[in-house]
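Printed here is coords08.cif (mmCIF, C-alpha atoms):
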```
data_start
#
loop_
_atom_site.group_PDB
_atom_site.id
_atom_site.type_symbol
_atom_site.label_atom_id
_atom_site.label_comp_id
_atom_site.auth_asym_id
_atom_site.auth_seq_id
_atom_site.Cartn_x
_atom_site.Cartn_y
_atom_site.Cartn_z
ATOM 1 C CA MET P 1 0.000 0.000 0.000
ATOM 2 C CA SER P 2 1.227 3.381 -0.876
ATOM 3 C CA THR P 3 2.183 5.902 1.762
ATOM 4 C CA ILE P 4 -0.471 8.350 0.638
ATOM 5 C CA ARG P 5 -3.098 5.706 0.921
ATOM 6 C CA LYS P 6 -1.885 4.678 4.363
ATOM 7 C CA LEU P 7 -1.835 8.269 5.479
ATOM 8 C CA SER P 8 -5.369 8.870 4.131
ATOM 9 C CA LEU P 9 -6.670 5.762 5.831
ATOM 10 C CA THR P 10 -5.044 6.779 9.111
ATOM 11 C CA VAL P 11 -6.610 10.263 8.932
ATOM 12 C CA LEU P 12 -10.003 8.719 8.204
ATOM 13 C CA ILE P 13 -9.764 6.289 11.139
ATOM 14 C CA VAL P 14 -8.568 9.034 13.514
ATOM 15 C CA GLY P 15 -11.492 11.239 12.346
ATOM 16 C CA LEU P 16 -14.020 8.447 12.957
ATOM 17 C CA VAL P 17 -12.647 7.734 16.418
ATOM 18 C CA ALA P 18 -12.724 11.478 17.283
ATOM 19 C CA GLY P 19 -16.334 11.719 16.024
ATOM 20 C CA VAL P 20 -17.439 8.768 18.148
ATOM 21 C CA ALA P 21 -15.650 10.240 21.142
ATOM 22 C CA ALA P 22 -17.356 13.603 20.594
ATOM 23 C CA VAL P 23 -20.799 11.968 20.372
ATOM 24 C CA GLY P 24 -20.078 9.979 23.504
ATOM 25 C CA ALA P 25 -18.960 13.121 25.357
ATOM 26 C CA PHE P 26 -22.063 15.079 24.143
ATOM 27 C CA SER P 27 -24.490 12.384 25.178
ATOM 28 C CA ALA P 28 -22.907 12.109 28.585
ATOM 29 C CA TYR P 29 -23.990 15.744 29.282
ATOM 30 C CA SER P 30 -27.371 15.791 27.550
ATOM 31 C CA GLU P 31 -30.535 17.106 29.345
ATOM 32 C CA THR P 32 -34.030 18.095 28.170
ATOM 33 C CA THR P 33 -37.190 19.536 29.658
ATOM 34 C CA SER P 34 -40.607 19.948 28.100
ATOM 35 C CA ASN P 35 -43.728 22.055 28.422
ATOM 36 C CA THR P 36 -46.755 20.034 27.265
ATOM 37 C CA GLY P 37 -50.472 20.638 26.939
ATOM 38 C CA ASN P 38 -50.315 24.290 25.859
ATOM 39 C CA SER P 39 -53.661 25.801 24.824
ATOM 40 C CA PHE P 40 -55.293 29.176 24.356
ATOM 41 C CA ALA P 41 -58.999 30.067 24.211
ATOM 42 C CA THR P 42 -61.172 33.161 24.254
ATOM 43 C CA GLY P 43 -63.618 34.011 27.016
ATOM 44 C CA SER P 44 -67.331 34.416 26.465
ATOM 45 C CA VAL P 45 -69.743 37.325 26.693
ATOM 46 C CA SER P 46 -73.431 36.693 27.354
ATOM 47 C CA ILE P 47 -75.985 39.132 28.729
ATOM 48 C CA SER P 48 -79.751 38.656 28.829
ATOM 49 C CA ASP P 49 -82.868 39.981 30.510
ATOM 50 C CA ASN P 50 -86.045 38.366 31.765
ATOM 51 C CA ASP P 51 -88.199 39.697 28.907
ATOM 52 C CA GLY P 52 -86.328 37.693 26.291
ATOM 53 C CA SER P 53 -84.881 40.904 24.800
ATOM 54 C CA SER P 54 -88.037 41.523 22.834
ATOM 55 C CA ALA P 55 -90.653 43.344 24.909
ATOM 56 C CA ALA P 56 -91.197 47.011 25.750
ATOM 57 C CA LEU P 57 -90.722 48.063 29.367
ATOM 58 C CA TYR P 58 -93.788 50.264 29.072
ATOM 59 C CA SER P 59 -96.311 51.384 26.521
ATOM 60 C CA ALA P 60 -98.946 53.810 27.761
ATOM 61 C CA ALA P 61 -101.338 56.276 26.163
ATOM 62 C CA GLY P 62 -103.904 58.777 27.430
ATOM 63 C CA ARG P 63 -101.768 59.890 30.380
ATOM 64 C CA LYS P 64 -101.978 63.271 32.110
ATOM 65 C CA PRO P 65 -99.405 65.272 34.118
ATOM 66 C CA GLY P 66 -98.484 63.372 37.243
ATOM 67 C CA ASP P 67 -99.398 59.948 35.804
ATOM 68 C CA SER P 68 -96.638 57.373 35.813
ATOM 69 C CA VAL P 69 -95.915 53.834 34.681
ATOM 70 C CA VAL P 70 -93.630 51.527 36.642
ATOM 71 C CA SER P 71 -91.888 48.466 35.176
ATOM 72 C CA CYS P 72 -89.102 46.185 36.343
ATOM 73 C CA ILE P 73 -86.592 44.037 34.507
ATOM 74 C CA ARG P 74 -83.761 41.754 35.618
ATOM 75 C CA VAL P 75 -80.490 41.683 33.656
ATOM 76 C CA THR P 76 -78.219 38.634 33.981
ATOM 77 C CA TYR P 77 -74.612 38.218 32.876
ATOM 78 C CA THR P 78 -73.478 34.640 32.176
ATOM 79 C CA GLY P 79 -70.251 35.207 30.231
ATOM 80 C CA SER P 80 -66.798 34.343 31.538
ATOM 81 C CA LEU P 81 -65.083 37.722 30.968
ATOM 82 C CA ALA P 82 -65.385 40.334 33.722
ATOM 83 C CA SER P 83 -66.069 43.921 32.655
ATOM 84 C CA ASP P 84 -68.511 46.811 32.874
ATOM 85 C CA VAL P 85 -72.119 46.894 31.711
ATOM 86 C CA LYS P 86 -73.649 50.244 30.737
ATOM 87 C CA LEU P 87 -77.288 51.243 30.222
ATOM 88 C CA TYR P 88 -78.288 53.829 27.613
ATOM 89 C CA ALA P 89 -81.088 54.737 25.210
ATOM 90 C CA SER P 90 -80.008 53.228 21.919
ATOM 91 C CA SER P 91 -82.469 54.965 19.647
ATOM 92 C CA GLY P 92 -83.366 58.613 19.278
ATOM 93 C CA ILE P 93 -85.402 59.896 22.194
ATOM 94 C CA THR P 94 -88.467 61.711 20.881
ATOM 95 C CA GLY P 95 -90.798 63.868 22.975
ATOM 96 C CA GLY P 96 -88.437 63.494 25.907
ATOM 97 C CA SER P 97 -88.858 66.939 27.468
ATOM 98 C CA ALA P 98 -92.469 66.127 28.428
ATOM 99 C CA PHE P 99 -91.426 63.098 30.491
ATOM 100 C CA ASN P 100 -89.373 62.349 33.587
ATOM 101 C CA LEU P 101 -87.557 59.029 33.907
ATOM 102 C CA LYS P 102 -86.324 57.443 37.105
ATOM 103 C CA VAL P 103 -84.149 54.321 36.933
ATOM 104 C CA GLU P 104 -83.348 52.459 40.131
ATOM 105 C CA ARG P 105 -80.997 49.507 40.600
ATOM 106 C CA GLY P 106 -81.932 46.824 43.044
ATOM 107 C CA VAL P 107 -82.761 43.243 43.838
ATOM 108 C CA GLN P 108 -85.844 41.323 42.720
ATOM 109 C CA THR P 109 -86.183 37.604 43.246
ATOM 110 C CA THR P 110 -89.810 37.080 42.189
ATOM 111 C CA GLY P 111 -92.200 38.466 39.631
ATOM 112 C CA ALA P 112 -92.463 38.036 35.896
ATOM 113 C CA PHE P 113 -91.500 40.841 33.540
ATOM 114 C CA PRO P 114 -92.557 43.711 33.762
ATOM 115 C CA ALA P 115 -94.046 43.319 37.257
ATOM 116 C CA CYS P 116 -91.975 44.676 40.106
ATOM 117 C CA GLY P 117 -92.940 41.941 42.623
ATOM 118 C CA ASN P 118 -90.584 42.221 45.575
ATOM 119 C CA PHE P 119 -88.207 44.782 44.000
ATOM 120 C CA ALA P 120 -85.951 46.403 46.621
ATOM 121 C CA SER P 121 -84.071 49.521 45.513
ATOM 122 C CA THR P 122 -80.371 49.752 46.344
ATOM 123 C CA SER P 123 -79.537 52.936 44.399
ATOM 124 C CA THR P 124 -80.892 55.459 41.917
ATOM 125 C CA ALA P 125 -79.034 55.391 38.603
ATOM 126 C CA TYR P 126 -80.975 58.257 36.990
ATOM 127 C CA ASP P 127 -83.792 60.662 37.856
ATOM 128 C CA GLY P 128 -84.393 63.442 35.349
ATOM 129 C CA PRO P 129 -85.822 64.492 32.016
ATOM 130 C CA LEU P 130 -85.959 61.782 29.405
ATOM 131 C CA THR P 131 -84.142 64.092 26.947
ATOM 132 C CA ALA P 132 -81.028 64.069 29.169
ATOM 133 C CA PHE P 133 -80.841 60.269 29.435
ATOM 134 C CA PRO P 134 -77.504 58.898 28.088
ATOM 135 C CA THR P 135 -77.553 57.754 24.456
ATOM 136 C CA SER P 136 -74.235 55.898 24.091
ATOM 137 C CA TYR P 137 -72.033 53.378 25.865
ATOM 138 C CA ALA P 138 -69.466 56.108 26.578
ATOM 139 C CA THR P 139 -71.980 58.195 28.551
ATOM 140 C CA GLY P 140 -74.137 55.284 29.742
ATOM 141 C CA LEU P 141 -75.202 54.580 33.297
ATOM 142 C CA ASP P 142 -73.135 52.080 35.253
ATOM 143 C CA GLY P 143 -74.895 48.749 35.546
ATOM 144 C CA LYS P 144 -73.914 48.250 39.182
ATOM 145 C CA ASN P 145 -73.616 50.430 42.245
ATOM 146 C CA PRO P 146 -71.010 50.646 43.565
ATOM 147 C CA VAL P 147 -69.373 50.525 40.154
ATOM 148 C CA ALA P 148 -67.796 47.121 39.730
ATOM 149 C CA PRO P 149 -67.105 44.708 36.895
ATOM 150 C CA TRP P 150 -69.845 42.205 36.152
ATOM 151 C CA THR P 151 -68.813 38.579 36.552
ATOM 152 C CA THR P 152 -70.439 35.256 35.720
ATOM 153 C CA ASN P 153 -74.019 34.948 37.058
ATOM 154 C CA ASP P 154 -74.346 38.566 38.246
ATOM 155 C CA VAL P 155 -77.978 39.725 38.257
ATOM 156 C CA VAL P 156 -79.190 43.320 38.674
ATOM 157 C CA ALA P 157 -82.863 44.300 38.732
ATOM 158 C CA TYR P 158 -83.958 47.716 37.486
ATOM 159 C CA ARG P 159 -87.148 49.653 38.188
ATOM 160 C CA PHE P 160 -88.153 52.207 35.534
ATOM 161 C CA THR P 161 -90.681 54.894 36.449
ATOM 162 C CA ILE P 162 -91.718 57.206 33.625
ATOM 163 C CA SER P 163 -94.099 60.077 34.343
ATOM 164 C CA VAL P 164 -95.689 62.950 32.465
ATOM 165 C CA ASN P 165 -94.334 66.373 33.435
ATOM 166 C CA ASP P 166 -96.707 69.253 34.153
ATOM 167 C CA ASP P 167 -95.815 72.115 31.812
ATOM 168 C CA GLY P 168 -97.433 74.689 34.102
ATOM 169 C CA THR P 169 -99.832 76.048 31.488
ATOM 170 C CA ALA P 170 -103.231 75.449 33.082
ATOM 171 C CA GLY P 171 -106.077 74.838 30.651
ATOM 172 C CA ALA P 172 -103.918 75.465 27.594
ATOM 173 C CA HIS P 173 -103.873 71.921 26.271
ATOM 174 C CA THR P 174 -106.869 70.028 24.915
ATOM 175 C CA ALA P 175 -105.110 67.397 22.800
ATOM 176 C CA VAL P 176 -102.027 65.227 22.964
ATOM 177 C CA VAL P 177 -99.053 67.519 23.341
ATOM 178 C CA SER P 178 -96.305 64.991 23.370
ATOM 179 C CA THR P 179 -95.550 61.423 22.498
ATOM 180 C CA GLY P 180 -92.225 59.719 22.797
ATOM 181 C CA SER P 181 -90.390 56.567 21.899
ATOM 182 C CA HIS P 182 -86.981 55.118 22.660
ATOM 183 C CA ASP P 183 -85.124 51.820 23.132
ATOM 184 C CA PHE P 184 -82.946 50.838 26.066
ATOM 185 C CA THR P 185 -79.721 48.848 25.721
ATOM 186 C CA TRP P 186 -77.502 47.185 28.285
ATOM 187 C CA GLU P 187 -74.077 46.755 26.726
ATOM 188 C CA PHE P 188 -71.148 44.727 27.968
ATOM 189 C CA ARG P 189 -67.676 45.536 26.677
ATOM 190 C CA SER P 190 -64.627 43.524 27.597
ATOM 191 C CA SER P 191 -61.395 45.408 28.099
#
```

Write out the structure in this file as structure tokens.
Amino acid sequence: MSTIRKLSLTVLIVGLVAGVAAVGAFSAYSETTSNTGNSFATGSVSISDNDGSSAALYSAAGRKPGDSVVSCIRVTYTGSLASDVKLYASSGITGGSAFNLKVERGVQTTGAFPACGNFASTSTAYDGPLTAFPTSYATGLDGKNPVAPWTTNDVVAYRFTISVNDDGTAGAHTAVVSTGSHDFTWEFRSS
């Protein structure tokens, strides 16, 4: 065998032995750790009321100054995300200056919508002219008092009292002077 061939074979054998030694040294100091079962999911948002989100709180005609209508509704939050709920009039308020609206927060455990059953007031959210009632989430009334995030299974009852204002002009009116319409919305926004 030629010297070059011998030398090449020797270099190859030395390289293989060094490679095996390196693998053996690497595996002698090998360590791993793992992090299994990773997952990510969104939370849920679910708000409802005891009228099925489809009925009017009140609808009255032929009322005179001082007359009022009282209705109650319970709002329930069943989502998993905690955040604020706001109440506002979501459609244009018409005829609002002729009416006063009082909205109270409270507790009510019995009574079908819109009856007030055993409603117990815990705070007054609003008491003023219908025209000044908030009309957006940004200016809406806080759903709870004291203000706190709503969490799963929170329930707040509300009592709405709408009354006809006396305009102070005795005997000046013989026909309907004002009618009004509006929608209420409870909105939950997660942060």

**Message:** I'd like to see the residues matched by the PyMOL selection byres ((chain P and resi 91) around 8) on this file, and ideally I'd get them as number ranges by chain.
**Reply:** P: 89-90, 92-93, 135, 182-184

**Message:** Starting from the PyMOL selection byres ((chain P and resi 36-52) around 12), expand the selection into actual residues of this file and give them as a PyMOL selection string.
**Reply:** chain P and resi 33-35+53-58+71-86+108-115+143+150-158+184-191

Let me know the residues the PyMOL selection byres ((chain P and resi 60) around 10) catches in the file above, as an mmCIF file with C-alpha atoms, in the coordinates of the input.
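In the end it all went to result.cif:
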```
data_model
loop_
_atom_site.group_PDB
_atom_site.id
_atom_site.type_symbol
_atom_site.label_atom_id
_atom_site.label_comp_id
_atom_site.auth_asym_id
_atom_site.auth_seq_id
_atom_site.Cartn_x
_atom_site.Cartn_y
_atom_site.Cartn_z
ATOM 1 C CA TYR P 58 -93.788 50.264 29.072
ATOM 2 C CA SER P 59 -96.311 51.384 26.521
ATOM 3 C CA ALA P 61 -101.338 56.276 26.163
ATOM 4 C CA GLY P 62 -103.904 58.777 27.430
ATOM 5 C CA ARG P 63 -101.768 59.890 30.380
ATOM 6 C CA SER P 68 -96.638 57.373 35.813
ATOM 7 C CA VAL P 69 -95.915 53.834 34.681
ATOM 8 C CA ILE P 162 -91.718 57.206 33.625
ATOM 9 C CA THR P 179 -95.550 61.423 22.498
#
```

**Item:** Selection: 10 Å around Asp127 in chain P, only C-alpha atoms, excl. self and same-chain fewer than 6 positions, as a list in words
**Value:** Asn100, Leu101, Lys102, Val103, Glu104, Phe133, Phe160, Thr161 and Ile162 of chain P

Would you mind exporting the chosen residues as a CSV table (one decimal), keeping the file's coordinate frame, restricted to C-alpha atoms?
```
chain,number,residue,atom,x,y,z
P,100,ASN,CA,-89.4,62.3,33.6
P,101,LEU,CA,-87.6,59.0,33.9
P,102,LYS,CA,-86.3,57.4,37.1
P,103,VAL,CA,-84.1,54.3,36.9
P,104,GLU,CA,-83.3,52.5,40.1
P,133,PHE,CA,-80.8,60.3,29.4
P,160,PHE,CA,-88.2,52.2,35.5
P,161,THR,CA,-90.7,54.9,36.4
P,162,ILE,CA,-91.7,57.2,33.6
```

**Message:** Please determine, counting only C-alpha atoms, which residue among P:Ser30, P:Gly66, P:Asn145, P:Arg159 has the shortest atom-to-atom distance to Asn118 in chain P.
**Reply:**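 The answer is P:Arg159, which sits nearest to Asn118 in chain P.
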
Around all listed atoms of range 182-186 of chain P, padded 5 Å per side, what centre and edge lengths does the axis-aligned box have in Å to one decimal, as lines of an AutoDock Vina configuration file?
```
center_x = -82.2
center_y = 51.2
center_z = 25.5
size_x = 19.5
size_y = 17.9
size_z = 15.6
```

**Complete:** A straight line from CA of Thr139 in chain P to CA of Val164 in chain P spans 24.5 Å

**Request:** Tell me which of P:Gly128, P:Pro65, P:Gly180, P:Gly140 sits closest to Asn165 in chain P, counting only C-alpha atoms.
**Result:**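 Answer, going by the shortest atom-to-atom distance: P:Pro65.
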